[in-house]
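These notes concern the structure reproduced below.
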Amino acid sequence: MPNLARTTRPLERVPNPGMLAEVAAGLAAPQKELSPKYFYDQRGSELFEAITRLPEYYPTRTERALLATGLAELYVPIDVSATFLSQTASQLRREYPGLAVEPAIADISVELNLPRRMPRPALFAFLGGTIGNFYPPAAIRLLARVRAAMGPGDRFLMGVDLRKDIARIEAAYNDSQGVTAEFNRNMLLVLNHELGADFDPRAFEHRAFYDTVTHRIEMHLVSSRTQVVEIPGLGPVPFAAGESIRTEISTKYDRASVSALFDAAGLRIEAWPIDPATPFGLVVGAPE
Ligand code: AVI
């Protein structure tokens, strides 16, 4: 775990004044919980990129194979990590010199932050299966925000991880190289850096398991001993040995569950170009 000792880094994420309040509420809950958006500082984004290349992590590879390539006039990549976003934008401008790339920094759980004027019709894309990282009410709010930004001719392309063999799903979140474990623990470094907390990431173990009732992976950080963590402005946060923080859910869908989400957000499924044997799918949505 070469990077776990690093505790100081330049501030890279969108400044988030509500972070302390959100962290305080999450750590006061009976099941301690932190939002997965706190994975994604520069290092967390790099670790996620590494995850997408792991042999066990099928979603990105499958999604890429499903996508037909086509160039648009204007690409607006949206990300919560400013440094990572600007690097991605520079790389895209180099690779596609004719494409206008206008990055938008945003916490999509709160806003989309789109440019005021965009060429239409536009294709809104939410790839990677990230919708699965939102609890249903938040997923519906996010999709409704996309729907509100769409014109009648616009379309919405979403990647969804599908329900399948549990062992295959669990392997994707427990990779043999330990990259996902480092990604998970990186959240504690983000809290140390941004809130001045004194988490010792080595005192927390990565755990990821599939819940068959909710159809989702849950990622946790499990305290390996009794300990107290100090978070300035919040005070001491006690952990019992074996007590966990839930850091992420990753829900797996089928057509009916996507349809229910879309319906609640004012969207309809226009195309479901998914081979039943594919472990990961793409869905095309249109305004209802
Ligand atoms: C970003 N998101 C779709 C990933 C997922 O699979 O839920 C995040 C991730 N967590 C662990 N591995 C990948």
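Ordered as shown in the structure tokens, chains take letters A, B, and onward, while each chain numbers its residues from 1 and ligands are numbered from 1 in the order shown.
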
Legend entry - Shell around A:Gln177 at 10 Å using only C-alpha atoms, local window under 4 positions removed, as a ChimeraX atom specification: /A:51,54-56,181-182

Inset, instruction - Please provide as a list in words all residues within 9 Å of A:Leu267, with the sequence filter that same-chain residues fewer than 2 positions apart are discarded (counting only C-alpha atoms). - result: Leu143, Ala144, Arg147, Phe156, Ser259, Leu261, Phe262, Asp263, Ala264, Ala265, Ile269, Gly285, Ala286, Pro287 and Glu288 of chain A

For those residues, write N, CA and C atoms to a file as a compact mmCIF listing (two decimals), in the first residue's frame.
# COMPACT_ATOMS: atom_id res chain seq x y z
N LEU A 143 -31.48 11.63 -12.13
CA LEU A 143 -32.05 11.42 -13.47
C LEU A 143 -33.07 12.52 -13.80
N ALA A 144 -33.80 12.97 -12.78
CA ALA A 144 -34.77 14.06 -13.01
C ALA A 144 -34.03 15.35 -13.37
N ARG A 147 -33.15 14.92 -16.91
CA ARG A 147 -34.39 15.08 -17.71
C ARG A 147 -34.74 16.56 -17.86
N PHE A 156 -30.61 10.22 -23.79
CA PHE A 156 -29.82 9.93 -22.59
C PHE A 156 -29.28 8.51 -22.69
N SER A 259 -36.41 0.62 -15.68
CA SER A 259 -37.65 1.21 -16.15
C SER A 259 -38.34 1.97 -15.01
N LEU A 261 -36.90 3.36 -12.40
CA LEU A 261 -36.13 4.59 -12.13
C LEU A 261 -36.46 5.66 -13.16
N PHE A 262 -36.44 5.26 -14.42
CA PHE A 262 -36.70 6.19 -15.52
C PHE A 262 -38.10 6.80 -15.38
N ASP A 263 -39.04 5.93 -15.10
CA ASP A 263 -40.43 6.36 -14.98
C ASP A 263 -40.57 7.45 -13.93
N ALA A 264 -39.92 7.23 -12.80
CA ALA A 264 -40.00 8.19 -11.70
C ALA A 264 -39.33 9.51 -12.05
N ALA A 265 -38.42 9.49 -13.05
CA ALA A 265 -37.68 10.70 -13.40
C ALA A 265 -38.21 11.37 -14.66
N ILE A 269 -37.62 4.24 -21.55
CA ILE A 269 -36.58 3.47 -22.24
C ILE A 269 -36.91 3.47 -23.73
N GLY A 285 -32.41 6.46 -23.15
CA GLY A 285 -33.63 7.04 -22.63
C GLY A 285 -34.04 8.28 -23.41
N ALA A 286 -35.35 8.53 -23.44
CA ALA A 286 -35.87 9.73 -24.09
C ALA A 286 -36.84 10.39 -23.11
N PRO A 287 -37.06 11.71 -23.27
CA PRO A 287 -38.05 12.35 -22.40
C PRO A 287 -39.42 11.72 -22.58
N GLU A 288 -40.16 11.56 -21.50
CA GLU A 288 -41.47 10.88 -21.58
C GLU A 288 -42.48 11.80 -22.27

Inset, instruction - List the neighbours of A:Ala100 out to 12 Å using only C-alpha atoms; skip same-chain residues closer than 5 positions along the sequence, and give me the result as an MDAnalysis selection string. - result: chainID A and resid 71:77 89:90 92:95 118:119

For those residues, write all heavy atoms to a file as a short mmCIF file (atom, residue, chain, number, x, y, z; two decimals), in the first residue's frame.
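What ended up in out.cif:
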data_model
loop_
_atom_site.label_atom_id
_atom_site.label_comp_id
_atom_site.auth_asym_id
_atom_site.auth_seq_id
_atom_site.Cartn_x
_atom_site.Cartn_y
_atom_site.Cartn_z
N LEU A 71 -18.28 11.02 -33.28
CA LEU A 71 -17.82 12.30 -32.73
C LEU A 71 -18.94 13.32 -32.71
O LEU A 71 -19.64 13.52 -33.68
CB LEU A 71 -16.67 12.85 -33.58
CG LEU A 71 -15.27 12.41 -33.19
CD1 LEU A 71 -14.24 13.31 -33.86
CD2 LEU A 71 -15.08 12.48 -31.68
N ALA A 72 -19.08 13.98 -31.59
CA ALA A 72 -20.04 15.07 -31.49
C ALA A 72 -19.30 16.39 -31.74
O ALA A 72 -18.10 16.40 -31.91
CB ALA A 72 -20.63 15.05 -30.09
N GLU A 73 -20.06 17.51 -31.76
CA GLU A 73 -19.42 18.82 -31.95
C GLU A 73 -18.82 19.32 -30.66
O GLU A 73 -17.81 20.00 -30.64
CB GLU A 73 -20.50 19.87 -32.31
CG GLU A 73 -21.02 19.83 -33.69
CD GLU A 73 -22.21 20.77 -33.80
OE1 GLU A 73 -22.03 21.98 -33.60
OE2 GLU A 73 -23.32 20.28 -34.04
N LEU A 74 -19.55 19.09 -29.59
CA LEU A 74 -19.15 19.66 -28.29
C LEU A 74 -19.26 18.57 -27.24
O LEU A 74 -20.30 17.97 -27.06
CB LEU A 74 -20.10 20.82 -27.93
CG LEU A 74 -19.97 21.38 -26.51
CD1 LEU A 74 -18.60 22.07 -26.31
CD2 LEU A 74 -21.06 22.37 -26.23
N TYR A 75 -18.16 18.35 -26.53
CA TYR A 75 -18.18 17.36 -25.45
C TYR A 75 -18.01 18.09 -24.13
O TYR A 75 -17.07 18.87 -23.96
CB TYR A 75 -17.05 16.34 -25.69
CG TYR A 75 -16.98 15.27 -24.63
CD1 TYR A 75 -18.12 14.57 -24.25
CD2 TYR A 75 -15.77 14.97 -24.00
CE1 TYR A 75 -18.05 13.59 -23.27
CE2 TYR A 75 -15.70 13.99 -23.02
CZ TYR A 75 -16.84 13.31 -22.66
OH TYR A 75 -16.78 12.35 -21.69
N VAL A 76 -18.91 17.83 -23.20
CA VAL A 76 -18.86 18.48 -21.89
C VAL A 76 -18.64 17.40 -20.83
O VAL A 76 -19.60 16.85 -20.29
CB VAL A 76 -20.18 19.25 -21.60
CG1 VAL A 76 -20.09 19.99 -20.27
CG2 VAL A 76 -20.52 20.20 -22.73
N PRO A 77 -17.36 17.07 -20.54
CA PRO A 77 -17.14 16.07 -19.49
C PRO A 77 -17.39 16.71 -18.12
O PRO A 77 -16.99 17.85 -17.89
CB PRO A 77 -15.66 15.69 -19.66
CG PRO A 77 -15.03 16.82 -20.39
CD PRO A 77 -16.11 17.57 -21.11
N ALA A 89 -9.50 16.54 -20.12
CA ALA A 89 -9.88 17.46 -21.20
C ALA A 89 -8.68 17.71 -22.13
O ALA A 89 -8.83 17.69 -23.35
CB ALA A 89 -10.40 18.77 -20.61
N SER A 90 -7.48 17.92 -21.55
CA SER A 90 -6.29 18.18 -22.39
C SER A 90 -6.01 16.97 -23.28
O SER A 90 -5.70 17.10 -24.46
CB SER A 90 -5.05 18.43 -21.55
OG SER A 90 -5.32 19.39 -20.60
N LEU A 92 -8.14 14.72 -24.33
CA LEU A 92 -9.17 14.61 -25.38
C LEU A 92 -8.93 15.62 -26.50
O LEU A 92 -9.11 15.32 -27.67
CB LEU A 92 -10.56 14.84 -24.78
CG LEU A 92 -11.10 13.67 -23.98
CD1 LEU A 92 -12.35 14.09 -23.21
CD2 LEU A 92 -11.44 12.50 -24.91
N ARG A 93 -8.51 16.84 -26.11
CA ARG A 93 -8.25 17.87 -27.14
C ARG A 93 -7.10 17.43 -28.04
O ARG A 93 -7.11 17.69 -29.24
CB ARG A 93 -7.92 19.21 -26.48
CG ARG A 93 -9.12 19.85 -25.84
CD ARG A 93 -8.82 21.27 -25.36
NE ARG A 93 -9.94 21.77 -24.59
CZ ARG A 93 -9.94 21.94 -23.26
NH1 ARG A 93 -8.84 21.71 -22.55
NH2 ARG A 93 -11.00 22.37 -22.65
N ARG A 94 -6.10 16.75 -27.43
CA ARG A 94 -4.97 16.25 -28.24
C ARG A 94 -5.45 15.14 -29.18
O ARG A 94 -5.11 15.11 -30.35
CB ARG A 94 -3.87 15.70 -27.34
CG ARG A 94 -2.89 16.78 -26.85
CD ARG A 94 -1.62 16.13 -26.28
NE ARG A 94 -1.87 15.15 -25.24
CZ ARG A 94 -2.05 15.46 -23.95
NH1 ARG A 94 -2.00 16.72 -23.55
NH2 ARG A 94 -2.27 14.52 -23.06
N GLU A 95 -6.28 14.24 -28.64
CA GLU A 95 -6.71 13.08 -29.44
C GLU A 95 -7.74 13.44 -30.50
O GLU A 95 -7.80 12.83 -31.55
CB GLU A 95 -7.30 12.00 -28.52
CG GLU A 95 -6.23 11.16 -27.85
CD GLU A 95 -6.84 10.16 -26.88
OE1 GLU A 95 -7.94 9.64 -27.12
OE2 GLU A 95 -6.18 9.91 -25.84
N MET A 118 -25.70 25.00 -25.54
CA MET A 118 -25.09 23.79 -26.12
C MET A 118 -25.77 23.51 -27.45
O MET A 118 -26.96 23.75 -27.60
CB MET A 118 -25.31 22.58 -25.22
CG MET A 118 -24.69 22.67 -23.85
SD MET A 118 -24.63 21.04 -23.07
CE MET A 118 -26.33 20.51 -23.10
N PRO A 119 -24.99 22.95 -28.42
CA PRO A 119 -25.64 22.55 -29.66
C PRO A 119 -26.68 21.47 -29.39
O PRO A 119 -26.49 20.64 -28.50
CB PRO A 119 -24.49 21.98 -30.50
CG PRO A 119 -23.24 22.28 -29.79
CD PRO A 119 -23.57 22.62 -28.38
#

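Taking only C-alpha atoms, the non-local environment of A:Asp198 within 7 Å (same-chain residues fewer than 3 positions away omitted) comprises Asn192, Val229, Glu230 and Ile231 of chain A.
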
Once you have the residues from the selection above, write them out as a PDB file, in the first residue's frame, restricted to all heavy atoms.
ATOM      1  N   ASN A 192      -8.642  12.996   5.906  1.00  0.00           N
ATOM      2  CA  ASN A 192      -7.496  13.565   6.641  1.00  0.00           C
ATOM      3  C   ASN A 192      -7.080  14.876   6.004  1.00  0.00           C
ATOM      4  O   ASN A 192      -6.842  15.881   6.685  1.00  0.00           O
ATOM      5  CB  ASN A 192      -6.310  12.593   6.614  1.00  0.00           C
ATOM      6  CG  ASN A 192      -6.523  11.406   7.539  1.00  0.00           C
ATOM      7  OD1 ASN A 192      -7.494  11.359   8.291  1.00  0.00           O
ATOM      8  ND2 ASN A 192      -5.619  10.430   7.476  1.00  0.00           N
ATOM      9  N   VAL A 229     -11.067   8.223  16.444  1.00  0.00           N
ATOM     10  CA  VAL A 229     -10.550   9.105  15.390  1.00  0.00           C
ATOM     11  C   VAL A 229     -10.996  10.526  15.709  1.00  0.00           C
ATOM     12  O   VAL A 229     -12.142  10.751  16.096  1.00  0.00           O
ATOM     13  CB  VAL A 229     -11.103   8.670  14.007  1.00  0.00           C
ATOM     14  CG1 VAL A 229     -10.682   9.644  12.919  1.00  0.00           C
ATOM     15  CG2 VAL A 229     -10.629   7.257  13.670  1.00  0.00           C
ATOM     16  N   GLU A 230     -10.063  11.458  15.585  1.00  0.00           N
ATOM     17  CA  GLU A 230     -10.371  12.879  15.831  1.00  0.00           C
ATOM     18  C   GLU A 230     -10.681  13.570  14.516  1.00  0.00           C
ATOM     19  O   GLU A 230      -9.892  13.493  13.571  1.00  0.00           O
ATOM     20  CB  GLU A 230      -9.136  13.578  16.424  1.00  0.00           C
ATOM     21  CG  GLU A 230      -9.027  13.654  17.918  1.00  0.00           C
ATOM     22  CD  GLU A 230     -10.199  14.293  18.653  1.00  0.00           C
ATOM     23  OE1 GLU A 230     -10.768  15.296  18.161  1.00  0.00           O
ATOM     24  OE2 GLU A 230     -10.547  13.750  19.715  1.00  0.00           O
ATOM     25  N   ILE A 231     -11.809  14.256  14.470  1.00  0.00           N
ATOM     26  CA  ILE A 231     -12.113  15.081  13.294  1.00  0.00           C
ATOM     27  C   ILE A 231     -12.382  16.497  13.816  1.00  0.00           C
ATOM     28  O   ILE A 231     -13.377  16.711  14.524  1.00  0.00           O
ATOM     29  CB  ILE A 231     -13.331  14.551  12.508  1.00  0.00           C
ATOM     30  CG1 ILE A 231     -13.106  13.087  12.094  1.00  0.00           C
ATOM     31  CG2 ILE A 231     -13.583  15.416  11.268  1.00  0.00           C
ATOM     32  CD1 ILE A 231     -14.212  12.461  11.274  1.00  0.00           C
TER      33      ILE A 231
END

Sorted by chain and rising residue number, which residues of chain A lie within 9 Å of ligand 1, and what are their closest atom pairs and distances in Å to one decimal, counting only C-alpha atoms and all ligand atoms, as a tab-separated table?
residue	atom	partner	partner_atom_place_in_ligand_line	distance
A:Pro36	CA	ligand 1	8 (C)	8.0
A:Phe39	CA	ligand 1	8 (C)	8.9
A:Phe48	CA	ligand 1	13 (C)	6.3
A:Ile51	CA	ligand 1	12 (N)	6.3
A:Thr52	CA	ligand 1	13 (C)	7.5
A:Tyr57	CA	ligand 1	12 (N)	7.6
A:Pro59	CA	ligand 1	6 (O)	7.2
A:Thr60	CA	ligand 1	3 (C)	8.8
A:Leu127	CA	ligand 1	3 (C)	8.0
A:Gly128	CA	ligand 1	3 (C)	5.0
A:Gly129	CA	ligand 1	3 (C)	4.5
A:Thr130	CA	ligand 1	3 (C)	3.6
A:Ile131	CA	ligand 1	3 (C)	7.1
A:Gly132	CA	ligand 1	7 (O)	6.2
A:Asn133	CA	ligand 1	7 (O)	5.6
A:Gly159	CA	ligand 1	3 (C)	9.0
A:Val160	CA	ligand 1	3 (C)	8.7
A:Asp161	CA	ligand 1	6 (O)	8.0
A:Ala172	CA	ligand 1	12 (N)	7.0
A:Tyr173	CA	ligand 1	12 (N)	5.4
A:Asn174	CA	ligand 1	12 (N)	8.4
A:Val179	CA	ligand 1	12 (N)	8.7
A:Thr180	CA	ligand 1	11 (C)	5.7
A:Ala181	CA	ligand 1	11 (C)	8.5
A:Phe183	CA	ligand 1	11 (C)	7.4
A:Asn184	CA	ligand 1	11 (C)	7.4
A:Ala208	CA	ligand 1	11 (C)	8.6
A:Ile217	CA	ligand 1	7 (O)	7.9
A:Met219	CA	ligand 1	11 (C)	7.5
A:Glu248	CA	ligand 1	10 (N)	7.1
A:Ile249	CA	ligand 1	7 (O)	6.9
A:Ser250	CA	ligand 1	7 (O)	4.4
A:Thr251	CA	ligand 1	7 (O)	7.5

From the DSSP assignment of the backbone, select every residue of stretch 41-262 of chain A that is strand (DSSP E or B), and format the answer as a compact mmCIF listing (two decimals) with N, CA and C atoms, in the first residue's frame.
# COMPACT_ATOMS: atom_id res chain seq x y z
N LEU A 74 -19.55 19.09 -29.59
CA LEU A 74 -19.15 19.66 -28.29
C LEU A 74 -19.26 18.57 -27.24
N TYR A 75 -18.16 18.35 -26.53
CA TYR A 75 -18.18 17.36 -25.45
C TYR A 75 -18.01 18.09 -24.13
N ILE A 78 -18.06 15.98 -17.25
CA ILE A 78 -18.35 16.50 -15.90
C ILE A 78 -17.70 15.59 -14.88
N ASP A 79 -16.96 16.19 -13.93
CA ASP A 79 -16.32 15.37 -12.91
C ASP A 79 -16.18 16.19 -11.63
N SER A 81 -13.55 15.82 -9.61
CA SER A 81 -12.12 16.05 -9.34
C SER A 81 -11.54 17.00 -10.39
N ALA A 100 -14.79 20.36 -29.73
CA ALA A 100 -14.78 21.38 -28.66
C ALA A 100 -15.03 20.67 -27.33
N VAL A 101 -14.07 20.81 -26.41
CA VAL A 101 -14.20 20.14 -25.11
C VAL A 101 -14.37 21.20 -24.04
N ALA A 104 -16.82 20.64 -17.18
CA ALA A 104 -17.59 21.27 -16.10
C ALA A 104 -17.29 20.53 -14.80
N ILE A 105 -16.81 21.29 -13.80
CA ILE A 105 -16.56 20.67 -12.49
C ILE A 105 -17.88 20.69 -11.74
N LEU A 123 -26.59 14.51 -26.78
CA LEU A 123 -26.64 13.20 -26.15
C LEU A 123 -26.07 13.35 -24.74
N PHE A 124 -26.90 13.11 -23.75
CA PHE A 124 -26.44 13.12 -22.36
C PHE A 124 -25.97 11.69 -22.05
N ALA A 125 -24.76 11.55 -21.56
CA ALA A 125 -24.26 10.20 -21.29
C ALA A 125 -23.83 10.09 -19.83
N PHE A 126 -24.26 9.03 -19.20
CA PHE A 126 -23.87 8.76 -17.81
C PHE A 126 -23.41 7.31 -17.80
N ARG A 155 -31.25 12.85 -26.18
CA ARG A 155 -31.34 11.47 -25.71
C ARG A 155 -30.36 11.27 -24.54
N PHE A 156 -30.61 10.22 -23.79
CA PHE A 156 -29.82 9.93 -22.59
C PHE A 156 -29.28 8.51 -22.69
N LEU A 157 -27.97 8.40 -22.64
CA LEU A 157 -27.33 7.08 -22.73
C LEU A 157 -26.75 6.75 -21.36
N MET A 158 -27.18 5.62 -20.80
CA MET A 158 -26.72 5.28 -19.45
C MET A 158 -26.15 3.86 -19.41
N GLY A 159 -25.01 3.72 -18.76
CA GLY A 159 -24.44 2.40 -18.52
C GLY A 159 -24.98 1.83 -17.22
N VAL A 160 -25.39 0.56 -17.26
CA VAL A 160 -25.90 -0.09 -16.04
C VAL A 160 -25.24 -1.45 -15.86
N ASP A 161 -24.78 -1.70 -14.65
CA ASP A 161 -24.27 -3.04 -14.38
C ASP A 161 -25.47 -3.94 -14.09
N LEU A 162 -25.44 -5.14 -14.66
CA LEU A 162 -26.61 -6.02 -14.60
C LEU A 162 -26.47 -7.12 -13.54
N PHE A 204 -7.95 0.02 9.08
CA PHE A 204 -9.26 -0.30 8.50
C PHE A 204 -9.08 -1.29 7.36
N GLU A 205 -9.93 -2.32 7.35
CA GLU A 205 -9.85 -3.34 6.30
C GLU A 205 -10.95 -3.16 5.26
N HIS A 206 -10.59 -3.44 4.03
CA HIS A 206 -11.55 -3.38 2.92
C HIS A 206 -12.48 -4.60 2.97
N ARG A 207 -13.78 -4.36 2.85
CA ARG A 207 -14.72 -5.49 2.71
C ARG A 207 -15.77 -5.14 1.65
N ALA A 208 -16.02 -6.05 0.73
CA ALA A 208 -17.05 -5.84 -0.29
C ALA A 208 -17.85 -7.12 -0.44
N PHE A 209 -19.18 -7.02 -0.36
CA PHE A 209 -20.03 -8.21 -0.48
C PHE A 209 -21.32 -7.85 -1.20
N TYR A 210 -21.95 -8.84 -1.81
CA TYR A 210 -23.20 -8.63 -2.55
C TYR A 210 -24.38 -8.94 -1.66
N ASP A 211 -25.35 -8.02 -1.63
CA ASP A 211 -26.58 -8.24 -0.86
C ASP A 211 -27.67 -8.65 -1.85
N ARG A 216 -27.21 -5.32 -4.50
CA ARG A 216 -26.11 -4.38 -4.59
C ARG A 216 -24.86 -4.88 -3.88
N ILE A 217 -23.73 -4.43 -4.39
CA ILE A 217 -22.47 -4.57 -3.67
C ILE A 217 -22.46 -3.51 -2.59
N GLU A 218 -21.99 -3.86 -1.40
CA GLU A 218 -21.71 -2.85 -0.39
C GLU A 218 -20.22 -2.88 -0.13
N MET A 219 -19.60 -1.72 -0.16
CA MET A 219 -18.19 -1.64 0.24
C MET A 219 -18.12 -1.01 1.62
N HIS A 220 -17.31 -1.62 2.46
CA HIS A 220 -17.13 -1.11 3.83
C HIS A 220 -15.65 -0.99 4.15
N LEU A 221 -15.37 -0.14 5.13
CA LEU A 221 -14.05 -0.12 5.76
C LEU A 221 -14.28 -0.57 7.20
N VAL A 222 -13.63 -1.66 7.58
CA VAL A 222 -13.90 -2.28 8.87
C VAL A 222 -12.75 -1.97 9.82
N SER A 223 -13.10 -1.40 10.95
CA SER A 223 -12.08 -1.05 11.95
C SER A 223 -11.46 -2.34 12.50
N GLN A 227 -10.76 1.94 18.40
CA GLN A 227 -9.97 3.15 18.17
C GLN A 227 -10.86 4.39 18.21
N VAL A 228 -10.19 5.54 18.38
CA VAL A 228 -10.92 6.81 18.37
C VAL A 228 -10.26 7.69 17.32
N VAL A 229 -11.07 8.22 16.44
CA VAL A 229 -10.55 9.11 15.39
C VAL A 229 -11.00 10.53 15.71
N GLU A 230 -10.06 11.46 15.58
CA GLU A 230 -10.37 12.88 15.83
C GLU A 230 -10.68 13.57 14.52
N ILE A 231 -11.81 14.26 14.47
CA ILE A 231 -12.11 15.08 13.29
C ILE A 231 -12.38 16.50 13.82
N GLY A 235 -15.06 16.40 16.77
CA GLY A 235 -14.66 15.74 18.02
C GLY A 235 -14.27 14.29 17.80
N PRO A 236 -14.18 13.53 18.91
CA PRO A 236 -13.74 12.14 18.80
C PRO A 236 -14.84 11.24 18.23
N VAL A 237 -14.46 10.38 17.29
CA VAL A 237 -15.41 9.41 16.72
C VAL A 237 -14.92 8.02 17.11
N PRO A 238 -15.64 7.34 18.03
CA PRO A 238 -15.17 6.02 18.48
C PRO A 238 -15.56 4.92 17.50
N PHE A 239 -14.67 3.95 17.37
CA PHE A 239 -14.93 2.76 16.56
C PHE A 239 -14.69 1.53 17.42
N SER A 244 -17.95 -1.02 11.12
CA SER A 244 -17.58 -0.60 9.76
C SER A 244 -18.20 0.74 9.37
N ILE A 245 -17.58 1.34 8.36
CA ILE A 245 -18.17 2.50 7.67
C ILE A 245 -18.55 1.99 6.29
N ARG A 246 -19.81 2.19 5.91
CA ARG A 246 -20.18 1.85 4.53
C ARG A 246 -19.72 3.02 3.64
N THR A 247 -18.90 2.71 2.65
CA THR A 247 -18.34 3.76 1.81
C THR A 247 -18.96 3.79 0.41
N GLU A 248 -19.64 2.72 0.04
CA GLU A 248 -20.23 2.71 -1.30
C GLU A 248 -21.27 1.61 -1.41
N ILE A 249 -22.32 1.91 -2.18
CA ILE A 249 -23.17 0.83 -2.68
C ILE A 249 -23.00 0.83 -4.20
N SER A 250 -23.13 -0.32 -4.83
CA SER A 250 -23.06 -0.41 -6.28
C SER A 250 -24.18 -1.36 -6.72
N THR A 251 -25.31 -0.75 -7.06
CA THR A 251 -26.52 -1.53 -7.34
C THR A 251 -26.46 -2.13 -8.74
N TYR A 253 -28.72 -3.87 -11.85
CA TYR A 253 -30.09 -3.68 -12.33
C TYR A 253 -30.53 -4.76 -13.28

Inset, instruction - Step one, run DSSP on the backbone; step two, keep only residues of stretch 52-285 of chain A assigned to alpha helix (DSSP H); then write them as a ChimeraX atom specification. - result: /A:52,58-66,82-95,136-149,166-172,179-195,255-265

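For the set A:Phe84, A:Val258, A:Ile140, A:Gly233, the residue with the smallest atom-to-atom gap to A:Leu195 is A:Gly233, counting only C-alpha atoms.
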
Legend entry - Selection: 9 Å around A:Ile274, only C-alpha atoms, excl. self and same-chain fewer than 4 positions, as a VMD selection string: chain A and resid 66 278 280 to 283

Writing out the chosen residues with N, CA and C atoms as a PDB file, in the first residue's frame:
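What follows is the written file part-v9.pdb:
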ATOM      1  N   LEU A  66     -19.423  -2.154 -26.097  1.00  0.00           N
ATOM      2  CA  LEU A  66     -20.803  -1.941 -26.547  1.00  0.00           C
ATOM      3  C   LEU A  66     -20.982  -0.603 -27.265  1.00  0.00           C
ATOM      4  N   THR A 278     -24.533 -10.485 -21.878  1.00  0.00           N
ATOM      5  CA  THR A 278     -23.574  -9.433 -21.520  1.00  0.00           C
ATOM      6  C   THR A 278     -23.700  -9.103 -20.038  1.00  0.00           C
ATOM      7  N   PHE A 280     -22.953  -6.367 -18.605  1.00  0.00           N
ATOM      8  CA  PHE A 280     -23.100  -4.932 -18.368  1.00  0.00           C
ATOM      9  C   PHE A 280     -23.878  -4.355 -19.537  1.00  0.00           C
ATOM     10  N   GLY A 281     -24.739  -3.405 -19.297  1.00  0.00           N
ATOM     11  CA  GLY A 281     -25.587  -2.925 -20.381  1.00  0.00           C
ATOM     12  C   GLY A 281     -25.604  -1.434 -20.596  1.00  0.00           C
ATOM     13  N   LEU A 282     -26.144  -1.055 -21.734  1.00  0.00           N
ATOM     14  CA  LEU A 282     -26.377   0.348 -22.075  1.00  0.00           C
ATOM     15  C   LEU A 282     -27.866   0.509 -22.312  1.00  0.00           C
ATOM     16  N   VAL A 283     -28.410   1.628 -21.839  1.00  0.00           N
ATOM     17  CA  VAL A 283     -29.825   1.896 -22.081  1.00  0.00           C
ATOM     18  C   VAL A 283     -29.935   3.288 -22.669  1.00  0.00           C
TER      19      VAL A 283
END
